[in-house]
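A.B. asks: Here you go, this is target.txt (compact mmCIF, C-alpha atoms).
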# COMPACT_ATOMS: atom_id res chain seq x y z
CA MET A 1 -8.20 -14.55 -21.09
CA LYS A 2 -7.93 -12.33 -18.10
CA GLN A 3 -7.59 -8.58 -18.08
CA ASN A 4 -4.37 -7.08 -16.80
CA HIS A 5 -4.70 -3.51 -17.92
CA LEU A 6 -6.33 -0.71 -16.02
CA THR A 7 -9.99 -0.07 -16.76
CA LEU A 8 -11.93 2.93 -15.47
CA LYS A 9 -13.80 0.63 -13.08
CA ILE A 10 -10.60 -0.77 -11.54
CA PHE A 11 -9.08 2.71 -11.43
CA SER A 12 -12.13 3.88 -9.46
CA LEU A 13 -11.76 0.90 -7.11
CA ILE A 14 -8.12 1.83 -6.45
CA VAL A 15 -9.13 5.44 -5.74
CA LEU A 16 -11.86 4.15 -3.40
CA ASN A 17 -9.25 1.95 -1.70
CA ASP A 18 -7.07 5.02 -1.18
CA LEU A 19 -9.97 7.13 0.09
CA VAL A 20 -10.90 4.45 2.61
CA ASP A 21 -7.21 4.12 3.56
CA THR A 22 -7.03 7.89 4.06
CA ALA A 23 -10.14 7.84 6.25
CA ALA A 24 -8.64 4.99 8.32
CA GLN A 25 -5.34 6.87 8.74
CA LEU A 26 -7.16 10.04 9.84
CA PHE A 27 -9.37 8.15 12.30
CA MET A 28 -6.30 6.44 13.79
CA LYS A 29 -4.39 9.72 13.96
CA LYS A 30 -7.37 11.46 15.58
CA GLY A 31 -7.69 8.59 18.03
CA LEU A 32 -4.00 8.86 18.95
CA LEU A 33 -3.94 12.67 19.29
CA HIS A 34 -5.54 12.94 22.71
CA THR A 35 -3.50 10.37 24.63
CA GLY A 36 -1.30 12.91 26.40
CA ILE A 37 1.88 10.88 25.79
CA ASP A 38 4.45 12.83 23.76
CA SER A 39 6.98 10.17 22.87
CA VAL A 40 6.63 6.43 22.82
CA ASN A 41 9.53 4.25 23.87
CA LEU A 42 10.04 0.76 25.21
CA SER A 43 9.38 1.77 28.82
CA ASN A 44 5.98 3.40 28.28
CA ILE A 45 4.70 1.39 25.33
CA ALA A 46 2.39 -0.68 27.57
CA GLU A 47 0.87 2.48 29.07
CA PHE A 48 0.56 3.95 25.57
CA ALA A 49 -1.31 0.86 24.35
CA ALA A 50 -3.53 0.78 27.45
CA ARG A 51 -4.55 4.44 27.09
CA ASN A 52 -5.34 3.99 23.40
CA ALA A 53 -7.28 0.77 23.83
CA SER A 54 -10.34 2.79 24.86
CA SER A 55 -10.16 5.18 21.89
CA ALA A 56 -13.25 4.74 19.71
CA PHE A 57 -11.62 6.59 16.81
CA LEU A 58 -8.60 4.27 16.88
CA TRP A 59 -10.79 1.15 16.74
CA LEU A 60 -12.91 2.71 14.00
CA GLY A 61 -9.68 3.35 12.06
CA ILE A 62 -8.48 -0.23 12.52
CA PHE A 63 -11.90 -1.59 11.48
CA VAL A 64 -12.04 0.55 8.33
CA TYR A 65 -8.43 -0.43 7.59
CA ALA A 66 -9.35 -4.13 7.74
CA LEU A 67 -12.45 -3.61 5.55
CA ASN A 68 -10.21 -2.05 2.93
CA PHE A 69 -8.48 -5.39 2.39
CA PHE A 70 -11.56 -6.65 0.55
CA ILE A 71 -11.35 -3.80 -1.96
CA TRP A 72 -7.60 -4.35 -2.39
CA ILE A 73 -7.90 -8.10 -3.07
CA VAL A 74 -10.51 -7.44 -5.80
CA VAL A 75 -8.12 -4.88 -7.33
CA LEU A 76 -5.25 -7.40 -7.29
CA TYR A 77 -7.56 -9.99 -8.85
CA LYS A 78 -8.15 -7.70 -11.81
CA VAL A 79 -4.90 -5.83 -12.44
CA ASP A 80 -1.09 -6.20 -12.29
CA LEU A 81 0.49 -5.59 -8.86
CA SER A 82 3.11 -3.31 -10.43
CA ILE A 83 0.26 -1.14 -11.74
CA ALA A 84 -1.99 -1.28 -8.66
CA MET A 85 0.78 -0.27 -6.22
CA PRO A 86 1.92 3.03 -7.83
CA VAL A 87 -1.65 4.00 -8.76
CA GLY A 88 -2.45 3.28 -5.11
CA SER A 89 -0.12 6.12 -4.08
CA PHE A 90 -3.17 8.41 -4.29
CA SER A 91 -3.26 8.33 -0.50
CA TYR A 92 -0.11 10.50 -0.54
CA ILE A 93 -2.28 13.13 -2.24
CA PHE A 94 -5.47 12.62 -0.24
CA ILE A 95 -3.77 12.59 3.16
CA PRO A 96 -2.24 16.13 2.88
CA ILE A 97 -5.48 17.53 1.45
CA PHE A 98 -7.65 15.99 4.15
CA ALA A 99 -5.03 16.85 6.78
CA ILE A 100 -5.43 20.52 5.77
CA LEU A 101 -9.21 20.30 5.89
CA PHE A 102 -9.73 18.27 9.05
CA LEU A 103 -6.52 18.43 11.09
CA HIS A 104 -5.58 22.02 10.06
CA GLU A 105 -2.04 21.03 9.03
CA HIS A 106 0.13 23.20 6.77
CA VAL A 107 1.26 22.05 3.28
CA ASN A 108 4.17 23.98 1.73
CA MET A 109 5.25 24.57 -1.89
CA VAL A 110 7.71 21.64 -2.13
CA ARG A 111 4.96 19.30 -0.98
CA TRP A 112 2.58 20.60 -3.65
CA ILE A 113 5.32 19.93 -6.26
CA GLY A 114 5.63 16.42 -4.82
CA ILE A 115 1.87 15.95 -5.14
CA ILE A 116 2.03 17.02 -8.82
CA CYS A 117 4.89 14.54 -9.46
CA ILE A 118 2.80 11.72 -7.97
CA ILE A 119 -0.23 12.65 -10.10
CA LEU A 120 1.98 12.65 -13.24
CA GLY A 121 3.55 9.32 -12.18
CA ILE A 122 0.12 7.73 -11.66
CA HIS A 123 -0.91 9.01 -15.09
CA PHE A 124 2.16 7.38 -16.73
CA VAL A 125 1.70 4.06 -14.92
CA SER A 126 -1.99 3.94 -15.84
CA GLN A 127 -0.99 4.28 -19.53
CA SER A 128 0.83 0.96 -19.24
CA LYS A 129 -1.45 -1.55 -20.97
CA LYS A 130 0.88 -4.35 -21.92
CA PRO A 131 -0.45 -7.87 -21.32
CA ILE A 132 1.19 -10.19 -18.80
CA MET A 133 4.07 -12.22 -20.20
CA LYS A 134 5.55 -15.62 -19.46
CA GLU A 135 3.14 -16.13 -16.59
CA GLU A 136 3.44 -19.89 -16.63
CA LYS A 137 7.21 -19.65 -16.44
CA ALA A 138 7.05 -17.08 -13.63
CA ASN A 139 4.58 -19.22 -11.71
CA GLN A 140 7.21 -21.92 -11.25
CA TRP A 141 9.04 -19.61 -8.83
CA LEU A 142 6.49 -19.62 -6.05
CA ARG A 143 4.48 -22.79 -6.51
CA MET B 1 21.22 6.04 10.89
CA VAL B 2 22.48 3.03 8.89
CA LYS B 3 20.51 0.83 11.25
CA ILE B 4 17.30 2.79 10.60
CA VAL B 5 17.83 2.65 6.82
CA LEU B 6 18.39 -1.11 6.96
CA LEU B 7 15.32 -1.59 9.20
CA VAL B 8 13.12 0.40 6.80
CA LEU B 9 14.47 -1.52 3.80
CA LEU B 10 13.81 -4.81 5.61
CA ALA B 11 10.26 -3.70 6.49
CA GLU B 12 9.61 -2.73 2.87
CA ALA B 13 11.08 -5.96 1.49
CA VAL B 14 8.92 -8.09 3.80
CA THR B 15 5.80 -6.03 2.94
CA VAL B 16 6.52 -6.34 -0.78
CA ILE B 17 6.87 -10.12 -0.40
CA GLY B 18 3.45 -10.07 1.32
CA GLN B 19 1.90 -8.12 -1.57
CA ILE B 20 3.43 -10.51 -4.10
CA LEU B 21 1.95 -13.45 -2.17
CA PHE B 22 -1.47 -11.68 -2.21
CA LYS B 23 -1.21 -11.22 -5.95
CA LYS B 24 0.00 -14.81 -6.34
CA SER B 25 -3.10 -16.10 -4.56
CA ALA B 26 -5.36 -13.81 -6.61
CA ASN B 27 -3.72 -15.02 -9.83
CA SER B 28 -4.25 -18.66 -8.92
CA LEU B 29 -8.05 -18.37 -8.76
CA GLU B 30 -10.44 -19.31 -11.51
CA ARG B 31 -11.94 -16.33 -13.31
CA TYR B 32 -15.09 -14.98 -11.66
CA SER B 33 -17.02 -12.05 -13.11
CA LEU B 34 -17.84 -10.80 -9.56
CA ARG B 35 -21.15 -9.48 -10.86
CA SER B 36 -23.39 -11.70 -8.73
CA ASN B 37 -23.30 -12.17 -4.97
CA GLY B 38 -22.87 -15.92 -5.45
CA ALA B 39 -19.71 -15.37 -7.50
CA ARG B 40 -18.39 -12.89 -4.93
CA ILE B 41 -18.90 -15.35 -2.07
CA ARG B 42 -17.25 -18.17 -4.05
CA PHE B 43 -14.38 -15.80 -4.88
CA LEU B 44 -13.83 -14.87 -1.22
CA SER B 45 -14.17 -18.42 0.09
CA GLU B 46 -11.73 -19.66 -2.54
CA ILE B 47 -9.13 -16.96 -1.91
CA PHE B 48 -9.27 -17.33 1.89
CA ALA B 49 -8.52 -21.03 1.41
CA ARG B 50 -5.19 -20.15 -0.26
CA PRO B 51 -2.11 -20.68 1.96
CA SER B 52 -0.26 -18.00 -0.02
CA LEU B 53 -2.87 -15.42 1.09
CA TRP B 54 -2.32 -16.24 4.79
CA LEU B 55 1.44 -16.28 4.27
CA GLY B 56 1.01 -12.83 2.69
CA PHE B 57 -0.98 -11.60 5.73
CA PHE B 58 1.76 -12.95 8.00
CA ALA B 59 4.47 -11.17 5.97
CA ILE B 60 2.55 -7.88 6.00
CA VAL B 61 2.02 -7.99 9.77
CA ILE B 62 5.75 -8.73 10.29
CA GLY B 63 6.59 -5.91 7.86
CA LEU B 64 4.31 -3.54 9.81
CA VAL B 65 5.98 -4.43 13.13
CA ILE B 66 9.47 -3.79 11.68
CA TRP B 67 8.14 -0.55 10.13
CA LEU B 68 6.80 0.62 13.52
CA ILE B 69 10.13 -0.19 15.22
CA ALA B 70 11.88 1.93 12.56
CA LEU B 71 9.30 4.73 12.94
CA ALA B 72 9.76 4.77 16.72
CA GLN B 73 13.51 5.32 16.38
CA GLY B 74 13.99 7.31 13.20
CA ASP B 75 12.90 10.68 11.84
CA LEU B 76 9.77 10.63 9.71
CA SER B 77 11.67 12.62 7.07
CA LEU B 78 14.13 9.73 6.80
CA VAL B 79 11.81 6.74 7.24
CA PHE B 80 9.11 7.77 4.73
CA PRO B 81 11.34 8.66 1.74
CA ILE B 82 13.26 5.38 2.11
CA GLY B 83 9.92 3.60 2.52
CA SER B 84 8.86 4.82 -0.91
CA LEU B 85 11.50 2.54 -2.42
CA GLN B 86 8.92 -0.24 -2.05
CA TYR B 87 7.38 0.95 -5.33
CA ILE B 88 10.69 0.28 -7.11
CA MET B 89 11.03 -3.09 -5.37
CA ILE B 90 7.50 -3.99 -6.54
CA LEU B 91 8.33 -2.99 -10.11
CA PHE B 92 11.26 -5.42 -10.32
CA LEU B 93 10.04 -8.21 -8.03
CA ALA B 94 6.63 -8.36 -9.77
CA HIS B 95 8.58 -8.77 -13.00
CA ILE B 96 10.70 -11.60 -11.59
CA PHE B 97 8.08 -13.49 -9.57
CA LEU B 98 4.82 -12.66 -11.34
CA GLY B 99 6.03 -12.11 -14.89
CA GLU B 100 4.53 -8.60 -14.98
CA LYS B 101 5.97 -6.59 -17.80
CA ILE B 102 8.02 -3.44 -17.23
CA ASP B 103 7.39 -0.96 -20.03
CA LYS B 104 8.63 2.61 -20.43
CA MET B 105 5.43 4.21 -19.08
CA LYS B 106 5.36 2.04 -15.96
CA PHE B 107 9.08 2.65 -15.36
CA ILE B 108 8.90 6.45 -15.69
CA GLY B 109 5.62 6.63 -13.76
CA THR B 110 6.93 4.57 -10.84
CA PHE B 111 10.05 6.72 -10.49
CA LEU B 112 7.93 9.92 -10.67
CA VAL B 113 5.71 8.61 -7.87
CA VAL B 114 8.77 7.79 -5.74
CA PHE B 115 10.26 11.23 -6.45
CA GLY B 116 6.97 12.88 -5.47
CA ILE B 117 6.78 10.90 -2.22
CA VAL B 118 10.40 11.85 -1.40
CA LEU B 119 9.51 15.55 -1.97
CA ILE B 120 6.41 15.33 0.22
CA THR B 121 8.02 13.43 3.07
CA THR B 122 11.46 15.09 3.38
CA THR B 123 10.14 18.62 3.94
CA HIS B 124 8.35 20.15 6.89
Output the file's structure in the form of structure tokens.

C.D. replies:
Amino acid sequence: MKQNHLTLKIFSLIVLNDLVDTAAQLFMKKGLLHTGIDSVNLSNIAEFAARNASSAFLWLGIFVYALNFFIWIVVLYKVDLSIAMPVGSFSYIFIPIFAILFLHEHVNMVRWIGIICIILGIHFVSQSKKPIMKEEKANQWLR
Amino acid sequence: MVKIVLLVLLAEAVTVIGQILFKKSANSLERYSLRSNGARIRFLSEIFARPSLWLGFFAIVIGLVIWLIALAQGDLSLVFPIGSLQYIMILFLAHIFLGEKIDKMKFIGTFLVVFGIVLITTTH
């Protein structure tokens, strides 16, 4: 019978997935920072794409982003989607912290409270250890 | 404003459908331990042969495009908090389509995560 609850190993994989996601987001953001175009709209979107096509950081971000799929599919193979998704919200915590460290952004009090709420939420979701139910019946929906 | 909200909700719904298709394809595989390289390669070759995986990719790309259209037109402090509703959609849709159980811990935890994301993304 397959496992559906969260083990430490799967939890670590989800955190790794979020760390890699955070790195990808930061690379992409860094790649997009030096384009010199302030706002993107329908008339300059082609120019925007052309200027960014030569950004090494952007391509690195996209590459890392694609690699992350392999971690995610192993996570989904091992654990419920409705557990993996909320636990995967770690990137909402990593991104502000790394944004402070590497992009020198400011994080205010309300945001720190938000970060604490997410940590508590992840803790609650990871306590959910109930086995999958009625899978055969549910499978009829999408077959 | 209403248009942006609807666009974000559409983007989230399509993305959530993509994730459910991913999970559906992962659920349909035989059980590999993933401890040996041989098992990992068989796992990957089997899952990439699943139409539901490719349908999931397609849905996620469409969801991303709709998301970017919403981002281009709406404030981040509107788009991101509404976007966090995808966690609630997942909770209920995974129950309906995948038979995943909703217990008290998962329910409370999911809403706390959404509340936290709303706090982070509505303030400057």

A.B. asks: Between B:Leu6, B:Val113, B:Ile88, B:Ile41, which has the minimum distance to chain A (counting only C-alpha atoms)?

C.D. replies: B:Val113

A.B. asks: Hey, what's within 10 Å of Glu46 (chain B) if we count all atoms listed in the file and toss same-chain stuff fewer than 3 positions away? As number ranges by chain, please?

C.D. replies: B: 25-26, 28-30, 40-43, 49-50

A.B. asks: Restricted to C-alpha atoms, what would the selected residues look like written as a short mmCIF file (atom, residue, chain, number, x, y, z; two decimals), keeping the file's coordinate frame?

C.D. replies:
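Printed below is selection_36.cif as written:
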data_model
loop_
_atom_site.label_atom_id
_atom_site.label_comp_id
_atom_site.auth_asym_id
_atom_site.auth_seq_id
_atom_site.Cartn_x
_atom_site.Cartn_y
_atom_site.Cartn_z
CA SER B 25 -3.10 -16.10 -4.56
CA ALA B 26 -5.36 -13.81 -6.61
CA SER B 28 -4.25 -18.66 -8.92
CA LEU B 29 -8.05 -18.37 -8.76
CA GLU B 30 -10.44 -19.31 -11.51
CA ARG B 40 -18.39 -12.89 -4.93
CA ILE B 41 -18.90 -15.35 -2.07
CA ARG B 42 -17.25 -18.17 -4.05
CA PHE B 43 -14.38 -15.80 -4.88
CA ALA B 49 -8.52 -21.03 1.41
CA ARG B 50 -5.19 -20.15 -0.26
#

A.B. asks: What does the distance between CA of Thr122 (chain B) and CA of Ala49 (chain A) come to in Å, to one decimal place?

C.D. replies: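 Separation of CA of Thr122 (chain B) and CA of Ala49 (chain A): 28.4 Å.
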
A.B. asks: For Gly61 (chain A), find every residue with an atom within 9 Å (counting all atoms listed in the file), except residues of its own chain fewer than 3 positions away, and show them as a ChimeraX atom specification.

C.D. replies: /A:21,23-29,31,56-58,64-66

A.B. asks: For the selection you just gave me, I'd like the residues written to a file as a compact mmCIF listing (two decimals), keeping the file's coordinate frame, keeping C-alpha atoms.

C.D. replies:
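Below is the file that was written, out_9.txt:
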# COMPACT_ATOMS: atom_id res chain seq x y z
CA ASP A 21 -7.21 4.12 3.56
CA ALA A 23 -10.14 7.84 6.25
CA ALA A 24 -8.64 4.99 8.32
CA GLN A 25 -5.34 6.87 8.74
CA LEU A 26 -7.16 10.04 9.84
CA PHE A 27 -9.37 8.15 12.30
CA MET A 28 -6.30 6.44 13.79
CA LYS A 29 -4.39 9.72 13.96
CA GLY A 31 -7.69 8.59 18.03
CA ALA A 56 -13.25 4.74 19.71
CA PHE A 57 -11.62 6.59 16.81
CA LEU A 58 -8.60 4.27 16.88
CA VAL A 64 -12.04 0.55 8.33
CA TYR A 65 -8.43 -0.43 7.59
CA ALA A 66 -9.35 -4.13 7.74

A.B. asks: Mind pulling up the distance from CA of Ile17 (chain B) to CA of Phe57 (chain B)?

C.D. replies: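 Distance reported for this atom pair: 10.1 Å.
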
A.B. asks: Can you tell me which residues surround Val65 (chain B) at a distance of at most 12 Å, considering all atoms listed in the file, apart from same-chain residues fewer than 3 positions away, and format the answer as a PyMOL selection string?

C.D. replies: chain B and resi 7-8+10-12+14-15+58-62+68-72

A.B. asks: Would you pick out the contacts of Ile83 (chain A) at 10 Å or less, using all atoms listed in the file, so that residues sharing its chain but fewer than 3 positions from it are not included, and give the list as a PyMOL selection string?

C.D. replies: (chain A and resi 4-6+76+79-80+86-88+122+125-129) or (chain B and resi 87+90-91+94+100-102+106+109-110)

A.B. asks: What is the CA of Pro81 (chain B)-CA of Val74 (chain A) distance in Å, reported with one decimal?

C.D. replies: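 A separation of 28.2 Å between them.
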
A.B. asks: Check the smallest atom-to-atom distance from each of B:Asn27, B:Ser45, B:Leu76, B:Leu85 to chain A using only C-alpha atoms, then report the winner.

C.D. replies: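 Among B:Asn27, B:Ser45, B:Leu76, B:Leu85, it is B:Asn27 that comes nearest to chain A.
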
A.B. asks: Extending 6 Å beyond the listed atoms of region 97-108 of chain A on each side, what axis-aligned box results? I want centre and edge lengths in Å to one decimal, as JSON.

C.D. replies:
{"center_x": -2.8, "center_y": 20.0, "center_z": 6.3, "size_x": 25.9, "size_y": 20.0, "size_z": 21.6}

A.B. asks: Which one of A:Lys9, A:Phe94, A:Ile100, A:Phe70 sits closest to chain B if you count all atoms listed in the file?

C.D. replies: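 Answer, going by the shortest atom-to-atom distance: A:Phe70.
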
A.B. asks: List the neighbours of Phe69 (chain A) out to 12 Å using only C-alpha atoms; skip same-chain residues closer than 6 positions along the sequence, and give me the result as a PyMOL selection string.

C.D. replies: (chain A and resi 13-14+16-18+20-21+24+62-63+75-76) or (chain B and resi 19+22+44+48+53+57+60)

A.B. asks: Smallest atom-to-atom distance to Val114 (chain B): which of B:Leu98, B:Leu93, B:Ala39, B:Gln86, using all atoms listed in the file?

C.D. replies: B:Gln86

A.B. asks: Would you mind telling me which residue in A:Phe90, A:Tyr77, A:Phe48, A:Phe98 lies nearest to chain B when using all atoms listed in the file?

C.D. replies: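 For chain B, the nearest of the candidates is A:Tyr77.
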
A.B. asks: Could you add whatever atoms are missing so that region 28-60 of chain B carries N, CA and C atoms, then write the result as a tab-separated table (two decimals), keeping the file's coordinate frame?

C.D. replies:
chain	number	residue	atom	x	y	z
B	28	SER	N	-4.05	-17.22	-8.84
B	28	SER	CA	-4.25	-18.66	-8.92
B	28	SER	C	-5.72	-19.05	-8.94
B	29	LEU	N	-6.62	-18.06	-8.80
B	29	LEU	CA	-8.05	-18.37	-8.76
B	29	LEU	C	-8.61	-18.55	-10.16
B	30	GLU	N	-9.75	-19.27	-10.22
B	30	GLU	CA	-10.44	-19.31	-11.51
B	30	GLU	C	-11.10	-17.95	-11.74
B	31	ARG	N	-11.47	-17.66	-13.00
B	31	ARG	CA	-11.94	-16.33	-13.31
B	31	ARG	C	-13.42	-16.17	-12.97
B	32	TYR	N	-13.70	-15.33	-11.98
B	32	TYR	CA	-15.09	-14.98	-11.66
B	32	TYR	C	-15.39	-13.60	-12.23
B	33	SER	N	-16.65	-13.38	-12.60
B	33	SER	CA	-17.02	-12.05	-13.11
B	33	SER	C	-17.26	-11.08	-11.96
B	34	LEU	N	-17.56	-11.60	-10.76
B	34	LEU	CA	-17.84	-10.80	-9.56
B	34	LEU	C	-19.07	-9.92	-9.73
B	35	ARG	N	-19.95	-10.29	-10.67
B	35	ARG	CA	-21.15	-9.48	-10.86
B	35	ARG	C	-22.29	-9.93	-9.96
B	36	SER	N	-22.32	-11.23	-9.61
B	36	SER	CA	-23.39	-11.70	-8.73
B	36	SER	C	-22.84	-11.96	-7.34
B	37	ASN	N	-23.72	-11.92	-6.34
B	37	ASN	CA	-23.30	-12.17	-4.97
B	37	ASN	C	-22.74	-13.58	-4.80
B	38	GLY	N	-23.35	-14.54	-5.53
B	38	GLY	CA	-22.87	-15.92	-5.45
B	38	GLY	C	-21.41	-16.01	-5.88
B	39	ALA	N	-21.08	-15.34	-6.99
B	39	ALA	CA	-19.71	-15.37	-7.50
B	39	ALA	C	-18.77	-14.69	-6.52
B	40	ARG	N	-19.23	-13.60	-5.89
B	40	ARG	CA	-18.39	-12.89	-4.93
B	40	ARG	C	-18.08	-13.76	-3.72
B	41	ILE	N	-19.11	-14.48	-3.24
B	41	ILE	CA	-18.90	-15.35	-2.07
B	41	ILE	C	-17.96	-16.50	-2.42
B	42	ARG	N	-18.15	-17.09	-3.62
B	42	ARG	CA	-17.25	-18.17	-4.05
B	42	ARG	C	-15.82	-17.65	-4.17
B	43	PHE	N	-15.70	-16.43	-4.73
B	43	PHE	CA	-14.38	-15.80	-4.88
B	43	PHE	C	-13.69	-15.65	-3.52
B	44	LEU	N	-14.42	-15.10	-2.54
B	44	LEU	CA	-13.83	-14.87	-1.22
B	44	LEU	C	-13.51	-16.18	-0.51
B	45	SER	N	-14.44	-17.17	-0.62
B	45	SER	CA	-14.17	-18.42	0.09
B	45	SER	C	-12.99	-19.15	-0.56
B	46	GLU	N	-12.86	-19.00	-1.88
B	46	GLU	CA	-11.73	-19.66	-2.54
B	46	GLU	C	-10.40	-18.99	-2.17
B	47	ILE	N	-10.40	-17.64	-2.15
B	47	ILE	CA	-9.13	-16.96	-1.91
B	47	ILE	C	-8.69	-17.11	-0.46
B	48	PHE	N	-9.66	-17.16	0.48
B	48	PHE	CA	-9.27	-17.33	1.89
B	48	PHE	C	-8.79	-18.74	2.18
B	49	ALA	N	-9.02	-19.67	1.24
B	49	ALA	CA	-8.52	-21.03	1.41
B	49	ALA	C	-7.09	-21.17	0.88
B	50	ARG	N	-6.54	-20.11	0.30
B	50	ARG	CA	-5.19	-20.15	-0.26
B	50	ARG	C	-4.13	-19.93	0.81
B	51	PRO	N	-3.19	-20.88	0.99
B	51	PRO	CA	-2.11	-20.68	1.96
B	51	PRO	C	-1.27	-19.44	1.64
B	52	SER	N	-1.10	-19.14	0.35
B	52	SER	CA	-0.26	-18.00	-0.02
B	52	SER	C	-0.87	-16.68	0.47
B	53	LEU	N	-2.23	-16.62	0.57
B	53	LEU	CA	-2.87	-15.42	1.09
B	53	LEU	C	-2.51	-15.23	2.57
B	54	TRP	N	-2.60	-16.33	3.34
B	54	TRP	CA	-2.32	-16.24	4.79
B	54	TRP	C	-0.85	-15.97	5.03
B	55	LEU	N	0.01	-16.58	4.20
B	55	LEU	CA	1.44	-16.28	4.27
B	55	LEU	C	1.69	-14.80	3.98
B	56	GLY	N	0.92	-14.25	3.02
B	56	GLY	CA	1.01	-12.83	2.69
B	56	GLY	C	0.60	-11.95	3.86
B	57	PHE	N	-0.53	-12.31	4.53
B	57	PHE	CA	-0.98	-11.60	5.73
B	57	PHE	C	0.14	-11.58	6.77
B	58	PHE	N	0.70	-12.79	7.00
B	58	PHE	CA	1.76	-12.95	8.00
B	58	PHE	C	2.92	-12.01	7.67
B	59	ALA	N	3.34	-12.02	6.39
B	59	ALA	CA	4.47	-11.17	5.97
B	59	ALA	C	4.15	-9.70	6.19
B	60	ILE	N	2.91	-9.30	5.88
B	60	ILE	CA	2.55	-7.88	6.00
B	60	ILE	C	2.51	-7.43	7.46
